[in-house]
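Quick look at input_30.txt (compact mmCIF, C-alpha atoms and all ligand atoms):
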```txt
# COMPACT_ATOMS: atom_id res chain seq x y z
CA MET A 1 0.00 0.00 0.00
CA LEU A 2 2.68 2.48 1.01
CA ASP A 3 4.98 1.27 -1.74
CA LEU A 4 2.11 2.07 -4.05
CA ARG A 5 1.98 5.63 -2.72
CA LEU A 6 5.67 6.03 -3.42
CA SER A 7 5.18 4.71 -6.95
CA LEU A 8 2.40 7.24 -7.36
CA THR A 9 4.80 9.99 -6.28
CA TYR A 10 7.25 8.79 -8.92
CA ALA A 11 4.50 8.69 -11.54
CA LEU A 12 3.36 12.23 -10.70
CA ALA A 13 6.96 13.44 -10.76
CA LEU A 14 7.41 11.80 -14.16
CA VAL A 15 4.37 13.62 -15.51
CA ALA A 16 5.59 16.88 -13.97
CA GLY A 17 9.04 16.28 -15.49
CA THR A 18 10.72 16.60 -12.13
CA LEU A 19 12.22 13.11 -11.91
CA ALA A 20 15.80 14.24 -12.63
CA VAL A 21 16.73 13.71 -8.96
CA PRO A 22 13.88 11.43 -7.84
CA SER A 23 15.20 10.96 -4.32
CA GLN A 24 15.14 14.59 -3.33
CA LYS A 25 11.54 14.88 -4.52
CA LEU A 26 10.29 12.23 -2.12
CA ASP A 27 8.69 13.34 1.09
CA THR A 28 9.96 11.58 4.20
CA ARG A 29 6.40 11.60 5.54
CA GLN A 30 5.65 9.09 2.83
CA ALA A 31 8.46 6.81 3.95
CA PRO A 32 7.20 3.25 4.26
CA TRP A 33 8.10 3.08 7.92
CA LYS A 34 7.53 4.56 11.32
CA SER A 35 10.74 6.05 12.72
CA THR A 36 11.45 5.94 16.47
CA VAL A 37 14.35 7.95 17.91
CA ILE A 38 16.33 5.72 20.29
CA SER A 39 19.26 8.00 21.19
CA THR A 40 21.33 10.95 19.98
CA LEU A 41 25.10 10.58 19.67
CA ALA A 42 28.20 12.56 18.76
CA GLU A 43 29.38 11.60 15.28
CA PRO A 44 28.24 7.99 15.47
CA TRP A 45 30.00 5.74 12.94
CA ALA A 46 28.73 2.23 13.63
CA PHE A 47 26.62 0.19 16.01
CA ALA A 48 26.01 -3.43 17.02
CA PHE A 49 23.26 -5.22 18.92
CA LEU A 50 24.15 -7.14 22.08
CA PRO A 51 22.26 -10.39 22.81
CA ASP A 52 20.32 -8.54 25.57
CA ASN A 53 19.09 -5.99 22.96
CA ARG A 54 21.29 -3.18 24.22
CA VAL A 55 23.25 -1.44 21.48
CA ILE A 56 26.93 -0.49 21.32
CA VAL A 57 27.49 2.69 19.32
CA ASN A 58 30.96 3.81 18.24
CA GLU A 59 31.43 7.58 18.08
CA ARG A 60 34.16 8.67 15.70
CA LYS A 61 36.11 10.69 18.30
CA GLY A 62 36.88 7.44 20.10
CA ASN A 63 33.98 7.01 22.52
CA MET A 64 32.14 3.74 22.74
CA ARG A 65 28.60 4.13 24.08
CA LEU A 66 26.19 1.59 25.45
CA VAL A 67 22.58 2.49 24.67
CA ASP A 68 19.65 0.76 26.36
CA PRO A 69 16.64 1.18 24.05
CA ALA A 70 14.30 0.06 26.85
CA THR A 71 15.19 3.01 29.08
CA GLY A 72 16.91 5.42 26.67
CA THR A 73 20.00 5.54 28.91
CA LYS A 74 23.41 6.04 27.33
CA THR A 75 26.56 5.03 29.20
CA THR A 76 30.22 4.62 28.27
CA ILE A 77 32.46 1.63 27.61
CA THR A 78 36.03 2.50 28.60
CA GLY A 79 39.32 1.08 27.31
CA VAL A 80 39.09 2.21 23.68
CA PRO A 81 42.61 2.84 22.32
CA THR A 82 43.62 6.34 21.17
CA VAL A 83 42.26 6.86 17.69
CA ALA A 84 43.40 9.26 14.94
CA TYR A 85 40.36 11.54 14.82
CA SER A 86 41.03 13.50 11.67
CA GLY A 87 39.54 13.75 8.19
CA GLN A 88 37.24 10.74 7.89
CA GLY A 89 39.15 8.74 10.48
CA GLY A 90 38.56 7.87 14.10
CA LEU A 91 36.78 5.01 15.81
CA HIS A 92 35.03 3.00 13.12
CA ASP A 93 33.24 -0.34 13.25
CA ILE A 94 32.21 -2.74 16.03
CA ALA A 95 31.46 -6.46 15.64
CA LEU A 96 30.77 -9.22 18.15
CA HIS A 97 32.68 -12.50 17.94
CA PRO A 98 30.37 -15.27 16.63
CA ASN A 99 30.72 -16.91 20.07
CA TYR A 100 30.31 -13.66 21.99
CA THR A 101 27.83 -15.20 24.44
CA GLU A 102 30.61 -17.57 25.58
CA ASN A 103 33.74 -15.40 25.25
CA SER A 104 32.54 -11.71 25.45
CA ILE A 105 35.01 -10.79 22.69
CA VAL A 106 34.35 -7.78 20.49
CA TYR A 107 36.24 -6.40 17.51
CA ILE A 108 36.77 -2.73 16.70
CA SER A 109 38.32 -0.95 13.74
CA TYR A 110 39.86 2.51 13.89
CA ALA A 111 42.38 4.89 12.40
CA GLU A 112 45.67 5.18 14.31
CA SER A 113 48.50 7.61 13.74
CA GLY A 114 52.17 6.85 13.39
CA SER A 115 55.09 7.80 11.23
CA GLY A 116 53.90 8.62 7.73
CA GLY A 117 50.37 9.55 8.80
CA ALA A 118 47.35 7.48 9.72
CA GLY A 119 46.39 3.93 8.86
CA GLY A 120 43.66 1.52 9.82
CA ALA A 121 43.82 -1.06 12.61
CA VAL A 122 41.56 -3.84 13.86
CA ALA A 123 41.70 -4.99 17.47
CA ARG A 124 39.87 -7.49 19.63
CA ALA A 125 39.19 -7.18 23.35
CA LYS A 126 37.06 -8.66 26.09
CA LEU A 127 33.97 -6.61 26.91
CA THR A 128 32.84 -6.50 30.53
CA LEU A 129 29.45 -4.90 31.10
CA THR A 130 28.54 -3.26 34.39
CA ALA A 131 25.54 -1.38 35.74
CA ASN A 132 26.99 1.89 34.38
CA GLY A 133 28.48 0.92 31.06
CA GLY A 134 31.45 -1.32 30.67
CA SER A 135 35.09 -1.72 29.76
CA LEU A 136 37.38 -3.33 27.22
CA SER A 137 40.32 -5.34 28.49
CA GLY A 138 43.15 -7.39 26.99
CA LEU A 139 43.02 -5.36 23.81
CA GLU A 140 45.11 -6.91 21.04
CA VAL A 141 45.67 -5.43 17.57
CA ILE A 142 45.20 -8.26 15.07
CA TRP A 143 45.49 -6.41 11.75
CA ARG A 144 46.87 -3.17 10.35
CA HIS A 145 46.96 -1.34 7.06
CA SER A 146 50.38 -2.05 5.52
CA GLN A 147 50.88 1.64 4.70
CA ARG A 148 49.95 4.98 6.30
CA ALA A 149 49.09 8.29 4.67
CA SER A 150 48.31 11.89 5.57
CA GLY A 151 44.88 13.34 4.87
CA GLY A 152 42.85 10.88 6.91
CA LEU A 153 40.67 9.68 4.05
CA GLN A 154 39.00 6.43 2.95
CA PHE A 155 39.93 3.99 5.70
CA ALA A 156 36.56 2.15 5.35
CA LEU A 157 37.26 -0.79 7.78
CA ARG A 158 33.84 -2.41 7.98
CA LEU A 159 33.99 -5.66 10.04
CA LEU A 160 31.80 -8.70 9.40
CA PHE A 161 31.92 -12.34 10.45
CA GLY A 162 31.09 -14.96 7.84
CA PRO A 163 29.13 -18.22 7.96
CA ASP A 164 32.44 -20.13 8.24
CA GLY A 165 33.53 -18.06 11.27
CA ALA A 166 35.96 -15.91 9.26
CA LEU A 167 36.46 -12.22 10.01
CA TRP A 168 36.11 -9.96 6.97
CA ILE A 169 37.61 -6.48 6.84
CA SER A 170 36.78 -4.03 4.05
CA SER A 171 40.06 -2.18 3.68
CA GLY A 172 39.98 1.28 2.09
CA GLU A 173 42.89 2.63 0.03
CA ILE A 174 43.30 5.72 2.27
CA ASN A 175 43.12 7.90 -0.86
CA GLN A 176 46.37 6.47 -2.27
CA MET A 177 44.67 4.95 -5.35
CA THR A 178 47.31 2.69 -7.01
CA PRO A 179 47.97 0.58 -3.86
CA ALA A 180 44.48 -0.87 -4.45
CA GLN A 181 46.07 -2.76 -7.38
CA SER A 182 49.28 -3.70 -5.56
CA MET A 183 49.59 -7.24 -4.22
CA THR A 184 52.39 -6.22 -1.85
CA GLY A 185 50.02 -4.25 0.40
CA ASN A 186 46.55 -4.64 1.91
CA LEU A 187 45.04 -1.24 0.95
CA GLY A 188 41.88 -1.30 -1.18
CA LYS A 189 41.22 -5.01 -0.55
CA MET A 190 38.66 -7.33 0.97
CA ILE A 191 40.50 -9.19 3.72
CA LYS A 192 39.56 -12.64 5.10
CA LEU A 193 41.11 -13.73 8.41
CA TYR A 194 40.59 -16.14 11.28
CA ASP A 195 39.25 -14.54 14.44
CA ASN A 196 42.86 -14.26 15.72
CA GLY A 197 44.06 -12.23 12.70
CA THR A 198 45.83 -15.08 10.89
CA ALA A 199 45.07 -15.31 7.16
CA PHE A 200 42.20 -17.71 6.44
CA ALA A 201 43.15 -21.01 4.80
CA GLY A 202 42.13 -21.22 1.15
CA ASN A 203 42.48 -17.50 0.40
CA PRO A 204 43.13 -17.07 -3.35
CA PHE A 205 46.60 -15.46 -3.24
CA ALA A 206 48.04 -17.45 -0.31
CA SER A 207 50.88 -18.90 -2.41
CA GLN A 208 52.23 -15.38 -3.13
CA GLY A 209 53.35 -14.42 0.40
CA ALA A 210 52.26 -13.28 3.84
CA ILE A 211 50.43 -10.05 3.02
CA GLN A 212 48.93 -11.54 -0.14
CA SER A 213 47.55 -14.44 1.91
CA GLN A 214 45.10 -12.02 3.66
CA ILE A 215 43.53 -10.88 0.40
CA TRP A 216 40.22 -12.14 -1.01
CA THR A 217 39.62 -9.43 -3.65
CA LEU A 218 41.39 -6.24 -4.79
CA GLY A 219 40.81 -2.99 -6.65
CA HIS A 220 38.50 -1.36 -4.07
CA ARG A 221 38.41 2.34 -3.21
CA ASN A 222 36.32 3.12 -0.12
CA PRO A 223 34.30 0.00 0.71
CA LEU A 224 31.98 1.06 3.54
CA GLY A 225 29.30 -1.63 3.56
CA ILE A 226 29.38 -5.44 3.41
CA ASP A 227 26.73 -8.09 4.08
CA TRP A 228 25.72 -11.65 3.23
CA ASP A 229 22.69 -12.64 1.25
CA ALA A 230 20.60 -15.71 2.13
CA GLN A 231 22.64 -17.84 -0.33
CA GLY A 232 25.87 -16.92 1.45
CA ARG A 233 27.08 -14.49 -1.22
CA LEU A 234 28.94 -11.38 -0.06
CA TRP A 235 27.80 -7.96 -1.34
CA GLU A 236 29.71 -4.72 -0.93
CA VAL A 237 29.11 -1.01 -1.48
CA GLU A 238 31.93 1.43 -2.07
CA MET A 239 32.23 5.13 -2.73
CA GLY A 240 33.64 6.19 -6.06
CA PRO A 241 35.24 9.60 -6.64
CA MET A 242 33.10 12.12 -8.63
CA GLY A 243 30.47 9.58 -9.69
CA GLY A 244 30.96 5.85 -9.74
CA ASP A 245 29.65 4.59 -6.40
CA GLU A 246 29.29 0.83 -6.66
CA LEU A 247 27.32 -2.18 -5.45
CA ASN A 248 29.51 -5.23 -6.05
CA LEU A 249 29.06 -8.97 -5.72
CA ILE A 250 32.30 -10.08 -4.08
CA GLU A 251 33.80 -13.10 -5.84
CA LYS A 252 36.93 -14.94 -4.77
CA GLY A 253 40.12 -13.55 -6.32
CA ALA A 254 38.37 -10.89 -8.42
CA ASN A 255 39.82 -7.45 -9.18
CA TYR A 256 37.22 -4.65 -9.10
CA GLY A 257 39.44 -2.31 -11.07
CA TRP A 258 40.01 0.83 -8.98
CA PRO A 259 41.75 3.12 -9.98
CA LEU A 260 42.19 1.77 -13.52
CA VAL A 261 38.47 1.65 -14.31
CA CYS A 262 35.50 3.44 -12.74
CA GLU A 263 32.13 4.79 -13.83
CA GLY A 264 33.02 8.17 -12.28
CA LYS A 265 35.66 10.85 -12.86
CA HIS A 266 38.53 12.14 -10.76
CA TYR A 267 37.70 15.23 -8.69
CA ASN A 268 39.72 17.39 -11.10
CA GLY A 269 37.39 16.29 -13.91
CA THR A 270 39.84 13.87 -15.55
CA THR A 271 37.95 10.91 -16.99
CA ILE A 272 38.65 7.31 -15.93
CA PRO A 273 37.97 4.45 -18.38
CA ALA A 274 34.65 2.68 -17.74
CA HIS A 275 34.52 -0.97 -16.64
CA SER A 276 33.24 -1.89 -20.12
CA THR A 277 36.68 -1.03 -21.57
CA ARG A 278 38.41 -3.69 -19.43
CA PRO A 279 36.18 -6.76 -19.06
CA ASN A 280 38.88 -8.56 -17.04
CA PHE A 281 37.88 -6.37 -14.07
CA ALA A 282 34.69 -7.22 -12.18
CA ALA A 283 32.03 -4.62 -13.00
CA PRO A 284 29.60 -3.28 -10.40
CA LYS A 285 26.04 -4.64 -10.36
CA VAL A 286 24.84 -1.07 -9.81
CA ALA A 287 26.89 2.11 -10.37
CA TRP A 288 25.65 5.53 -9.30
CA VAL A 289 26.37 8.72 -11.27
CA PRO A 290 25.72 11.08 -9.55
CA VAL A 291 26.79 9.48 -6.32
CA ILE A 292 24.69 8.38 -3.34
CA SER A 293 27.77 8.08 -1.05
CA PRO A 294 26.99 4.61 0.33
CA ALA A 295 28.14 4.29 3.96
CA GLY A 296 26.33 1.17 5.11
CA LEU A 297 24.67 -1.95 3.69
CA ILE A 298 22.41 -4.75 4.78
CA ILE A 299 20.85 -7.51 2.71
CA TYR A 300 17.44 -7.66 4.36
CA LYS A 301 16.55 -11.11 5.76
CA GLY A 302 13.61 -10.44 8.07
CA ASP A 303 9.86 -10.80 7.87
CA LEU A 304 8.79 -7.40 9.19
CA PHE A 305 9.30 -5.66 5.82
CA SER A 306 8.27 -8.88 4.07
CA SER A 307 8.40 -7.61 0.47
CA TRP A 308 12.02 -6.48 0.96
CA LYS A 309 13.49 -9.92 1.76
CA GLY A 310 16.74 -10.30 -0.20
CA ASN A 311 16.92 -6.59 -1.09
CA ALA A 312 20.04 -4.52 -0.45
CA ILE A 313 19.29 -1.55 1.80
CA ILE A 314 21.96 1.15 1.68
CA THR A 315 22.47 4.28 3.77
CA GLY A 316 23.71 7.30 1.80
CA LEU A 317 25.67 10.28 3.11
CA SER A 318 25.56 12.99 0.39
CA SER A 319 22.27 11.63 -0.97
CA GLN A 320 20.80 11.90 2.56
CA SER A 321 18.78 8.85 1.76
CA ILE A 322 18.07 5.19 2.24
CA VAL A 323 18.34 3.35 -1.07
CA ARG A 324 16.68 -0.01 -1.71
CA VAL A 325 18.06 -2.26 -4.43
CA THR A 326 16.42 -5.45 -5.68
CA ILE A 327 18.69 -8.40 -6.47
CA THR A 328 17.69 -10.99 -9.09
CA GLY A 329 20.28 -13.71 -9.63
CA ASN A 330 23.49 -11.88 -10.50
CA THR A 331 21.81 -8.59 -11.37
CA ALA A 332 20.67 -5.71 -9.20
CA LYS A 333 18.60 -2.57 -9.73
CA GLU A 334 17.72 0.47 -7.63
CA ALA A 335 14.04 0.17 -6.70
CA GLN A 336 13.40 2.96 -4.22
CA ARG A 337 15.11 5.93 -2.63
CA VAL A 338 13.70 7.51 0.50
CA SER A 339 14.93 10.96 1.41
CA MET A 340 15.82 11.20 5.11
CA GLY A 341 16.91 14.86 5.17
CA LYS A 342 20.13 13.88 6.99
CA ARG A 343 23.39 12.21 6.00
CA MET A 344 22.77 8.52 6.78
CA ARG A 345 25.81 6.71 8.20
CA GLY A 346 25.02 3.14 9.21
CA ILE A 347 22.41 0.39 9.08
CA ARG A 348 21.72 -2.93 10.82
CA GLU A 349 18.85 -5.38 10.91
CA ALA A 350 17.59 -6.29 14.38
CA LYS A 351 16.59 -9.84 15.36
CA ASP A 352 12.90 -8.96 14.97
CA GLY A 353 13.40 -7.62 11.43
CA ALA A 354 13.25 -3.93 12.37
CA ILE A 355 15.76 -1.80 10.45
CA TRP A 356 17.99 0.43 12.60
CA VAL A 357 19.96 3.29 11.11
CA ILE A 358 22.25 6.04 12.39
CA GLU A 359 22.64 9.53 11.09
CA ASP A 360 26.04 11.12 10.59
CA GLY A 361 27.34 14.23 12.35
CA ALA A 362 27.36 16.07 15.65
CA ASN A 363 23.86 15.07 16.78
CA GLY A 364 23.44 11.84 14.86
CA ARG A 365 20.31 9.99 15.89
CA LEU A 366 19.95 6.24 16.25
CA LEU A 367 16.59 5.43 14.64
CA LYS A 368 14.47 2.29 14.67
CA LEU A 369 12.38 1.82 11.53
CA THR A 370 9.31 -0.42 11.68
CA PRO A 371 6.51 -0.80 9.12
CA ASN A 372 3.84 1.90 9.18
C1 LIG B 1 32.51 -21.00 18.13
O1 LIG B 1 32.34 -22.13 18.96
C2 LIG B 1 32.15 -23.34 18.24
C3 LIG B 1 31.81 -24.42 19.24
O2 LIG B 1 32.78 -24.46 20.25
C4 LIG B 1 33.41 -23.65 17.43
O3 LIG B 1 33.23 -24.82 16.68
C5 LIG B 1 33.69 -22.49 16.50
O4 LIG B 1 34.91 -22.69 15.83
C6 LIG B 1 33.76 -21.17 17.26
N1 LIG B 1 33.83 -20.08 16.31
C7 LIG B 1 34.91 -19.32 16.22
C8 LIG B 1 34.89 -18.26 15.16
O5 LIG B 1 35.85 -19.39 16.94
C1 LIG B 2 44.67 -18.66 14.50
O1 LIG B 2 43.53 -19.47 14.35
C2 LIG B 2 43.69 -20.50 13.38
C3 LIG B 2 42.33 -21.18 13.22
O2 LIG B 2 41.81 -21.53 14.44
C4 LIG B 2 44.79 -21.43 13.81
O3 LIG B 2 44.96 -22.44 12.82
C5 LIG B 2 46.08 -20.64 13.98
O4 LIG B 2 47.08 -21.48 14.48
C6 LIG B 2 45.88 -19.49 14.92
N1 LIG B 2 47.06 -18.66 14.89
C7 LIG B 2 47.67 -18.23 15.98
C8 LIG B 2 48.86 -17.39 15.77
O5 LIG B 2 47.26 -18.53 17.09
C1 LIG B 3 43.60 14.54 -11.92
O1 LIG B 3 43.59 13.72 -10.75
C2 LIG B 3 44.13 12.43 -10.92
C3 LIG B 3 43.94 11.67 -9.62
O2 LIG B 3 44.47 12.37 -8.55
C4 LIG B 3 45.59 12.52 -11.32
O3 LIG B 3 46.10 11.24 -11.54
C5 LIG B 3 45.68 13.33 -12.60
O4 LIG B 3 47.04 13.52 -12.94
C6 LIG B 3 45.03 14.70 -12.45
N1 LIG B 3 45.00 15.37 -13.72
C7 LIG B 3 45.28 16.64 -13.87
C8 LIG B 3 45.17 17.17 -15.25
O5 LIG B 3 45.59 17.35 -12.92
```
In structure tokens, what does this structure look like?
Ligand SMILES: *[C@@H]1O[C@H](CO)[C@@H](O)[C@H](O)[C@H]1NC(C)=O
Ligand SMILES: *[C@@H]1O[C@H](CO)[C@@H](O)[C@H](O)[C@H]1NC(C)=O
Ligand SMILES: *[C@@H]1O[C@H](CO)[C@@H](O)[C@H](O)[C@H]1NC(C)=O
Amino acid sequence: MLDLRLSLTYALALVAGTLAVPSQKLDTRQAPWKSTVISTLAEPWAFAFLPDNRVIVNERKGNMRLVDPATGTKTTITGVPTVAYSGQGGLHDIALHPNYTENSIVYISYAESGSGGAGGAVARAKLTLTANGGSLSGLEVIWRHSQRASGGLQFALRLLFGPDGALWISSGEINQMTPAQSMTGNLGKMIKLYDNGTAFAGNPFASQGAIQSQIWTLGHRNPLGIDWDAQGRLWEVEMGPMGGDELNLIEKGANYGWPLVCEGKHYNGTTIPAHSTRPNFAAPKVAWVPVISPAGLIIYKGDLFSSWKGNAIITGLSSQSIVRVTITGNTAKEAQRVSMGKRMRGIREAKDGAIWVIEDGANGRLLKLTPN
């Protein structure tokens, strides 16, 4: 019913000739969900649900918050290492170990500074929860970017555990471009590790050396969202430069082409060859020109928004929107874009099928979306 109303809006816009930027024309009041504000945070970057339904939210400056949606209280988890809060960097993602209920281990990703600038790191630690928050202890860095750079851009560093217990890291190229194609570094790659940081057995480039053994795919720019579909396939969204944001199906050993091919241009206007010119590189299933600035991704698996099962739901920063993409076999197509009026940073699906999102920026809200 509500989808129908959105389609009607599109149809009217078509007639009025105003569909050039369809997203911005949509009214958030017609969004197909009810939005409940859970908490307001300072530059939230990522969040994760605990088994008891409380939510850990990472704020980019380096603060880890514990939000209780039942009471609205917000407390602090101490023990976060010093992060390089600069540019786009700071405290990034949070993921629970698959056996968190037994071992209380959590993983965080963040930018850290050192000689040569800032680079990404992933650490694991034991989380102890108390009445007023909690603490991390025994923190151990298990992975680092192999190179640092000034500027503080494009760390990415999304964390996700896989069905086989592997830890996946989406490694950005920290705005260095060509290292995304270099097999002697781990910038601009999808990384597959054991939970202790050792390279996963069976990785496609394992015979080439130690750093190569971490790599699953290469040629990525700023991969900010990853999730599994019901068939166990991994999907990824990444930001292009001026144009050329991508939704990719991640396939073992593939090269996604950055910076040699891209559907967008460099910021100085210089063109980059399109994927169609170099079929040996894996082409995106959807490319956005102009950009949506994808910052988070889920493949929806719940029953609450039943007609969206199997769809990719993407949060967009510059597009200030939530973008829904339908996936059919190996193809994908944007189906809906809902304007949120705020830069949208992250997204997760709760156990009950509700969709939770966080806004970007100084007073970023954690919102729970349920069907109208
Ligand atoms: C989780 O625990 C199960 C049962 O002990 C074990 O088989 C599995 O390897 C563990 N997962 C990870 C990622 O360590
Ligand atoms: C890391 O975990 C893997 C898989 O459980 C294991 O084979 C490997 O020995 C571990 N590495 C270290 C350094 O403990
Ligand atoms: C434009 O930017 C790209 C990427 O930084 C660079 O490789 C290229 O040399 C620049 N071109 C000009 C004309 O400045």
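Among the candidates A:Pro259, A:Pro204, A:Gly310, A:Pro163, the one nearest to ligand LIG 3 (chain B) when counting all atoms listed in the file is A:Pro259.
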Close residues to ligand LIG 1 (chain B) using all atoms listed in the file, limit 12 Å, as an NGL selection string = :A and (96-106 or 160-168 or 193-197 or 200)
For range 107-116 of chain A: contacts at 8 Å, only C-alpha atoms, fewer than 4 positions along chain excluded, given as a ChimeraX atom specification | /A:82-85,89-97,120-125,148-150,155,157-159
Create the file for the chosen residues now, containing C-alpha atoms and written as a JSON list (two decimals), in the frame of the given file.
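What ended up in selection-v8.json:
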```
[["chain", "number", "residue", "atom", "x", "y", "z"],
["A", 82, "THR", "CA", 43.62, 6.34, 21.17],
["A", 83, "VAL", "CA", 42.26, 6.86, 17.69],
["A", 84, "ALA", "CA", 43.40, 9.26, 14.94],
["A", 85, "TYR", "CA", 40.36, 11.54, 14.82],
["A", 89, "GLY", "CA", 39.15, 8.74, 10.48],
["A", 90, "GLY", "CA", 38.56, 7.87, 14.10],
["A", 91, "LEU", "CA", 36.78, 5.01, 15.81],
["A", 92, "HIS", "CA", 35.03, 3.00, 13.12],
["A", 93, "ASP", "CA", 33.24, -0.34, 13.25],
["A", 94, "ILE", "CA", 32.21, -2.74, 16.03],
["A", 95, "ALA", "CA", 31.46, -6.46, 15.64],
["A", 96, "LEU", "CA", 30.77, -9.22, 18.15],
["A", 97, "HIS", "CA", 32.68, -12.50, 17.94],
["A", 120, "GLY", "CA", 43.66, 1.52, 9.82],
["A", 121, "ALA", "CA", 43.82, -1.06, 12.61],
["A", 122, "VAL", "CA", 41.56, -3.84, 13.86],
["A", 123, "ALA", "CA", 41.70, -4.99, 17.47],
["A", 124, "ARG", "CA", 39.87, -7.49, 19.63],
["A", 125, "ALA", "CA", 39.19, -7.18, 23.35],
["A", 148, "ARG", "CA", 49.95, 4.98, 6.30],
["A", 149, "ALA", "CA", 49.09, 8.29, 4.67],
["A", 150, "SER", "CA", 48.31, 11.89, 5.57],
["A", 155, "PHE", "CA", 39.93, 3.99, 5.70],
["A", 157, "LEU", "CA", 37.26, -0.79, 7.78],
["A", 158, "ARG", "CA", 33.84, -2.41, 7.98],
["A", 159, "LEU", "CA", 33.99, -5.66, 10.04]]
```
Please produce, as JSON lines, a per-residue contact table for chain A versus ligand LIG 3 (chain B) (criterion: any atom at most 10 Å away, only C-alpha atoms and all ligand atoms considered), showing the nearest atom pair and its distance in Å to one decimal, sorted by chain then residue number.
```
{"residue": "A:Asn175", "atom": "CA", "partner": "B:LIG3", "partner_atom": "O2", "distance": 9.0}
{"residue": "A:Gln176", "atom": "CA", "partner": "B:LIG3", "partner_atom": "O2", "distance": 8.8}
{"residue": "A:Met177", "atom": "CA", "partner": "B:LIG3", "partner_atom": "C3", "distance": 8.0}
{"residue": "A:Thr178", "atom": "CA", "partner": "B:LIG3", "partner_atom": "O3", "distance": 9.8}
{"residue": "A:Pro241", "atom": "CA", "partner": "B:LIG3", "partner_atom": "C3", "distance": 9.4}
{"residue": "A:Pro259", "atom": "CA", "partner": "B:LIG3", "partner_atom": "C3", "distance": 8.8}
{"residue": "A:Lys265", "atom": "CA", "partner": "B:LIG3", "partner_atom": "O1", "distance": 8.7}
{"residue": "A:His266", "atom": "CA", "partner": "B:LIG3", "partner_atom": "O1", "distance": 5.3}
{"residue": "A:Tyr267", "atom": "CA", "partner": "B:LIG3", "partner_atom": "O1", "distance": 6.4}
{"residue": "A:Asn268", "atom": "CA", "partner": "B:LIG3", "partner_atom": "C1", "distance": 4.9}
{"residue": "A:Gly269", "atom": "CA", "partner": "B:LIG3", "partner_atom": "C1", "distance": 6.8}
{"residue": "A:Thr270", "atom": "CA", "partner": "B:LIG3", "partner_atom": "C1", "distance": 5.3}
{"residue": "A:Thr271", "atom": "CA", "partner": "B:LIG3", "partner_atom": "C1", "distance": 8.4}
{"residue": "A:Ile272", "atom": "CA", "partner": "B:LIG3", "partner_atom": "C2", "distance": 9.0}
```
Selected residue of minimal separation from Gly240 in chain A among A:Ala254, A:Ala70, A:Ile215, A:Ala295, counting all atoms listed in the file |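 Ranking A:Ala254, A:Ala70, A:Ile215, A:Ala295 by distance to Gly240 in chain A, first place goes to A:Ala295.
With CA of Gly257 in chain A on one side and CA of Trp45 in chain A on the other, the separation reads 27.0 Å.
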When you draw a straight line from CA of Gly119 in chain A to CA of Met183 in chain A, how long is it in Å?
-> 17.5 Å
A:Asp245, A:Ile211, A:Lys368, A:Gly87 ranked by distance to Gly225 in chain A, top pick (using only C-alpha atoms) = A:Asp245
Using all atoms listed in the file, which of A:Ser207, A:Thr277, A:Ser137, A:Gln154 sits nearest Ser171 in chain A?
-> A:Gln154
